[in-house]
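Student: I have a structure here, written as structure tokens, and I will follow up with some questions on it.
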Amino acid sequence: MYFTDRGIEELAERRGEETVTLDWLAERMKEFVDIHPDFEIPVERLATWLARLDDDFEE
């Protein structure tokens, strides 16, 4: 188990029943980066990965 899995599990346990929009999530991610600018690159990578999930990648 990765260390980050604990945070993901906590998120699922505490907020797993909630329904959110992608606009809401994007705003929370922007707020997080404003508070923690050192995490801008990982948050940007996650956002890009989520945005492109359905793309057909040619490798």
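Chain lettering (A, B, ...) mirrors the order of the structure tokens, residue numbering begins at 1 for each chain separately, and ligand numbering begins at 1 in order of display.
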With a distance cut-off of 12 Å and only C-alpha atoms, select the neighbouring residues of Glu44 in chain A, excluding the residue or stretch itself and same-chain residues fewer than 5 positions from it, and output the selection as a list in words.
Tutor: Ala26, Met29, Lys30, Phe32, Val33, Pro37, Asp38, Phe39, Trp49, Leu50 and Ala51 of chain A
Student: Write out, as a PDB file, in the first residue's frame, the residues just selected, with C-alpha atoms.
Tutor:
```pdb
ATOM      1  CA  ALA A  26     -11.591  21.764 -10.416  1.00  0.00           C
ATOM      2  CA  MET A  29      -7.917  21.700  -6.920  1.00  0.00           C
ATOM      3  CA  LYS A  30      -7.267  25.376  -7.755  1.00  0.00           C
ATOM      4  CA  PHE A  32      -5.394  23.575  -3.018  1.00  0.00           C
ATOM      5  CA  VAL A  33      -2.672  24.817  -5.392  1.00  0.00           C
ATOM      6  CA  PRO A  37       1.988  26.034  -4.620  1.00  0.00           C
ATOM      7  CA  ASP A  38       4.667  23.332  -4.324  1.00  0.00           C
ATOM      8  CA  PHE A  39       2.031  20.834  -5.469  1.00  0.00           C
ATOM      9  CA  TRP A  49      -4.654  12.616 -16.706  1.00  0.00           C
ATOM     10  CA  LEU A  50      -8.295  12.821 -15.618  1.00  0.00           C
ATOM     11  CA  ALA A  51      -9.179  15.076 -18.548  1.00  0.00           C
TER      12      ALA A  51
END
```
Student: As number ranges by chain, please: every residue in chain A that DSSP puts in alpha helix (DSSP H).
Tutor: A: 3-15, 22-35, 40-51
